[in-house]
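What follows is a short report on a single structure.
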Amino acid sequence: MGNYDIIFGHLEREGKDFVSRIEGSEPLFICTIATTETAKIPGLSAAGAMPEITDYTPPADVELLYYGRCRCIDGVPVTPDGIPTPALITMSALRLSKIPCIVVNGGLRVTPKAPFFDVGGNPGRDIRTGKAVEGPGEVFERSRLIGRQLSKLAGYVVVGESIPGGTTTALAVLMAMGVDARRKVSSSMPGNPHDLKLKVVDEAFKAAGISFGSLEKDPLKAVSCVGDPMMPAAAGLISGAAEEVPVLMAGGTQMCAVLNLIKYLSPGIMGNLAIGTTRWILEDKSSDIKEIASRIAPVPILAAKLDFSESRFSGLRAYEKGVAKEGVGAGGSSIAAMVSSGGSVTKASLLGEIEGNYEMLTNAPPR
């Protein structure tokens, strides 16, 4: 196995074995995008300057991947403090390593001005209604068909996601299925609003008439009641693709919820999976991706050893303070760029590409 800027954060031997299996293979990156009204609860997400504009974040993210700029909004998606979307990392990794990208719409209120597969999903409702997602079973099956087909085009597949508010819905689905993830899911903000998330989940459970673990073996019901539309789409894509090739699940603690769905919907493919995230998620003191994953299945966790502490731009250095951390497959796409390049893409060359793209997109002076 080559020498890469990758941390083997959980199940090191299995993680190194996964990397050895994908070395020398051509990857395909798939980004699953969706929205949930849950994201509009004030204080939950840093995905937009105002909760109302979270509908535009996923389409803007994938427009950035395709065009190198956003079309549905001016500029790039930023936090209220002006910190850029992790899609900037993903865009830079894909461009640097020439990895192809495909977008799947799991359920959006605003569609991107870019090509995408549509799996028939609808935008997610606020989980406090207890009726969060329509028809997750059909979305899962359609996505699995696409995953099977796309796996024929690549040596391995990397599946990322963009859905504001997704760590709260992840917490709800994990808890509904009996995985105690209280105070363990991550956040796009430095101050992880655990109390607010737990309050929202408690209200959602009451509305749905469910309790901790009551839907342990009914993943689609859990999604239907308290999940989001990204989950069945991503789970289907991963399940279909992993029947044929290795799949790197690119994301943070949200991918643990997806993993738990797959555990029941496609148990035979678990040995073909790894989670790929960023160092910021792995080292985050306010969440615990390793603990959540260990309660689900023996799937390794890899992390791209990204380091923005010496960046020329304050907007990027903010990542070292716990802003954003992950999203749009930033960690997984960085890992794929490193491995597919045979190690010629490093954390240093990636930072250089990210800084160049950031400067071009924002016209921000170094500071």
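Labeling convention for the structure tokens: chains A, B, ... as they appear, residues from 1 per chain, ligands from 1 in order of appearance.
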From segment 120-317 of chain A, collect each residue whose DSSP state is strand (DSSP E) and return the set as an mmCIF file with N, CA and C atoms, in the first residue's frame.
data_model
loop_
_atom_site.group_PDB
_atom_site.id
_atom_site.type_symbol
_atom_site.label_atom_id
_atom_site.label_comp_id
_atom_site.auth_asym_id
_atom_site.auth_seq_id
_atom_site.Cartn_x
_atom_site.Cartn_y
_atom_site.Cartn_z
ATOM 1 N N TYR A 156 -14.229 1.612 -8.251
ATOM 2 C CA TYR A 156 -14.908 1.775 -6.959
ATOM 3 C C TYR A 156 -15.704 3.067 -6.998
ATOM 4 N N VAL A 157 -16.641 3.195 -6.058
ATOM 5 C CA VAL A 157 -17.557 4.333 -6.047
ATOM 6 C C VAL A 157 -17.426 5.073 -4.720
ATOM 7 N N VAL A 158 -17.458 6.393 -4.805
ATOM 8 C CA VAL A 158 -17.449 7.256 -3.621
ATOM 9 C C VAL A 158 -18.800 7.968 -3.577
ATOM 10 N N VAL A 159 -19.542 7.804 -2.489
ATOM 11 C CA VAL A 159 -20.869 8.413 -2.376
ATOM 12 C C VAL A 159 -20.854 9.462 -1.271
ATOM 13 N N GLY A 160 -21.095 10.727 -1.655
ATOM 14 C CA GLY A 160 -21.184 11.821 -0.698
ATOM 15 C C GLY A 160 -22.603 12.345 -0.603
ATOM 16 N N GLU A 161 -22.800 13.386 0.213
ATOM 17 C CA GLU A 161 -24.146 13.934 0.402
ATOM 18 C C GLU A 161 -24.083 15.421 0.707
ATOM 19 N N SER A 162 -25.179 16.101 0.402
ATOM 20 C CA SER A 162 -25.369 17.475 0.858
ATOM 21 C C SER A 162 -26.817 17.643 1.253
ATOM 22 N N VAL A 247 -17.173 0.488 -1.989
ATOM 23 C CA VAL A 247 -17.802 1.804 -1.907
ATOM 24 C C VAL A 247 -17.264 2.552 -0.685
ATOM 25 N N LEU A 248 -16.801 3.766 -0.927
ATOM 26 C CA LEU A 248 -16.372 4.646 0.149
ATOM 27 C C LEU A 248 -17.526 5.589 0.463
ATOM 28 N N MET A 249 -18.081 5.463 1.659
ATOM 29 C CA MET A 249 -19.189 6.311 2.094
ATOM 30 C C MET A 249 -18.596 7.622 2.596
ATOM 31 N N ALA A 250 -18.737 8.674 1.777
ATOM 32 C CA ALA A 250 -18.038 9.929 2.037
ATOM 33 C C ALA A 250 -18.889 10.868 2.875
ATOM 34 N N LEU A 273 -17.610 -2.011 2.305
ATOM 35 C CA LEU A 273 -17.802 -0.598 2.649
ATOM 36 C C LEU A 273 -16.701 -0.070 3.562
ATOM 37 N N ALA A 274 -16.445 1.229 3.431
ATOM 38 C CA ALA A 274 -15.652 1.990 4.402
ATOM 39 C C ALA A 274 -16.248 3.389 4.458
ATOM 40 N N ILE A 275 -16.096 4.047 5.586
ATOM 41 C CA ILE A 275 -16.492 5.448 5.707
ATOM 42 C C ILE A 275 -15.246 6.300 5.493
ATOM 43 N N GLY A 276 -15.376 7.329 4.656
ATOM 44 C CA GLY A 276 -14.270 8.249 4.418
ATOM 45 C C GLY A 276 -14.670 9.648 4.847
ATOM 46 N N THR A 277 -13.943 10.231 5.790
ATOM 47 C CA THR A 277 -14.306 11.540 6.315
ATOM 48 C C THR A 277 -13.075 12.428 6.406
ATOM 49 N N THR A 278 -13.183 13.505 7.171
ATOM 50 C CA THR A 278 -12.057 14.423 7.344
ATOM 51 C C THR A 278 -11.450 14.271 8.740
ATOM 52 N N ILE A 301 -13.108 3.324 9.333
ATOM 53 C CA ILE A 301 -13.237 4.765 9.085
ATOM 54 C C ILE A 301 -11.871 5.316 8.698
ATOM 55 N N LEU A 302 -11.813 5.940 7.528
ATOM 56 C CA LEU A 302 -10.606 6.617 7.055
ATOM 57 C C LEU A 302 -10.848 8.111 7.105
ATOM 58 N N ALA A 303 -9.795 8.884 7.298
ATOM 59 C CA ALA A 303 -9.948 10.338 7.316
ATOM 60 C C ALA A 303 -8.828 10.991 6.523
ATOM 61 N N ALA A 304 -9.208 11.937 5.661
ATOM 62 C CA ALA A 304 -8.204 12.722 4.938
ATOM 63 C C ALA A 304 -7.529 13.662 5.932
#
With a cut-off of 8 Å, could you pull out the residues of segment 80-163 of chain A touching segment 186-208 of chain A and give me the nearest pair of atoms for each, distance in Å to one decimal, using only C-alpha atoms, ordered by chain and ascending number, as CSV?
residue,atom,partner,partner_atom,distance
A:Ile127,CA,A:Ala204,CA,5.4
A:Arg128,CA,A:Ala204,CA,3.9
A:Thr129,CA,A:Ala207,CA,5.8
A:Gly130,CA,A:Ala208,CA,4.0
A:Lys131,CA,A:Ala208,CA,6.9
Distance query Val223 of chain A at most 9 Å, only C-alpha atoms, self and fewer than 2 positions along chain excluded, as a list in words: Lys131, Ala132, Val133, Glu134, Pro136, Thr169, Ala172, Val173, Asp218, Pro219, Leu220, Lys221, Cys225, Val226, Gly227, Asp228, Pro229, Met231, Pro232 and Leu261 of chain A
Those same residues, written as a short mmCIF file (atom, residue, chain, number, x, y, z; two decimals), in the first residue's frame with C-alpha atoms?
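Result written to out-v3.cif:
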data_model
loop_
_atom_site.label_atom_id
_atom_site.label_comp_id
_atom_site.auth_asym_id
_atom_site.auth_seq_id
_atom_site.Cartn_x
_atom_site.Cartn_y
_atom_site.Cartn_z
CA LYS A 131 -44.13 12.19 8.86
CA ALA A 132 -40.77 13.22 7.48
CA VAL A 133 -40.25 11.36 4.19
CA GLU A 134 -42.67 10.07 1.55
CA PRO A 136 -38.55 5.91 1.06
CA THR A 169 -32.28 13.64 11.20
CA ALA A 172 -33.41 10.72 15.06
CA VAL A 173 -33.09 7.67 12.79
CA ASP A 218 -37.81 -1.30 10.31
CA PRO A 219 -35.36 1.14 8.68
CA LEU A 220 -37.77 2.45 6.05
CA LYS A 221 -40.38 3.27 8.71
CA CYS A 225 -41.18 9.04 10.40
CA VAL A 226 -38.05 10.98 11.39
CA GLY A 227 -35.46 10.77 8.59
CA ASP A 228 -34.60 12.79 5.51
CA PRO A 229 -34.74 12.12 1.73
CA MET A 231 -30.92 8.65 3.43
CA PRO A 232 -32.89 6.19 1.24
CA LEU A 261 -30.14 1.41 7.13
#
DSSP helix (DSSP H, G or I) residues within segment 183-312 of chain A, as a count of residues only: 64
Residue contacts of segment 138-141 of chain A (9 Å, only C-alpha atoms) excluding same-chain residues fewer than 6 positions away, as a PyMOL selection string: chain A and resi 106+119-121+220+229+231-237+240
Residues near Asp55 of chain A, cut-off 7 Å, only C-alpha atoms, skip fewer than 6 positions along chain, as a VMD selection string: chain A and resid 35 109 to 110
For the selection you just gave me, I'd like the residues written to a file as an mmCIF file, in the first residue's frame, keeping C-alpha atoms.
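File part_28.cif, as written:
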data_model
loop_
_atom_site.group_PDB
_atom_site.id
_atom_site.type_symbol
_atom_site.label_atom_id
_atom_site.label_comp_id
_atom_site.auth_asym_id
_atom_site.auth_seq_id
_atom_site.Cartn_x
_atom_site.Cartn_y
_atom_site.Cartn_z
ATOM 1 C CA THR A 35 -33.472 19.060 1.608
ATOM 2 C CA ARG A 109 -37.219 22.066 -3.160
ATOM 3 C CA VAL A 110 -34.834 23.891 -5.525
#
Polymer residues at most 10 Å from Val323 of chain A, only C-alpha atoms, same-chain spacing of 2 or more positions, as a ChimeraX atom specification: /A:46,79,81,83-86,187-191,280,315-321,325-326
Selection near Glu52 of chain A, 12 Å with only C-alpha atoms, sequence-local residues under 2 positions removed, as an MDAnalysis selection string: chainID A and resid 35:42 45:50 54:57 109:110 164
For atom CA of Glu63 of chain A and atom CA of Ser309 of chain A, the interatomic separation in Å (one decimal): 27.4 Å
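The closest residue to Pro298 of chain A, picked from A:Cys101, A:Ile6, A:Ala242, A:Leu11 and counting only C-alpha atoms, is A:Leu11.
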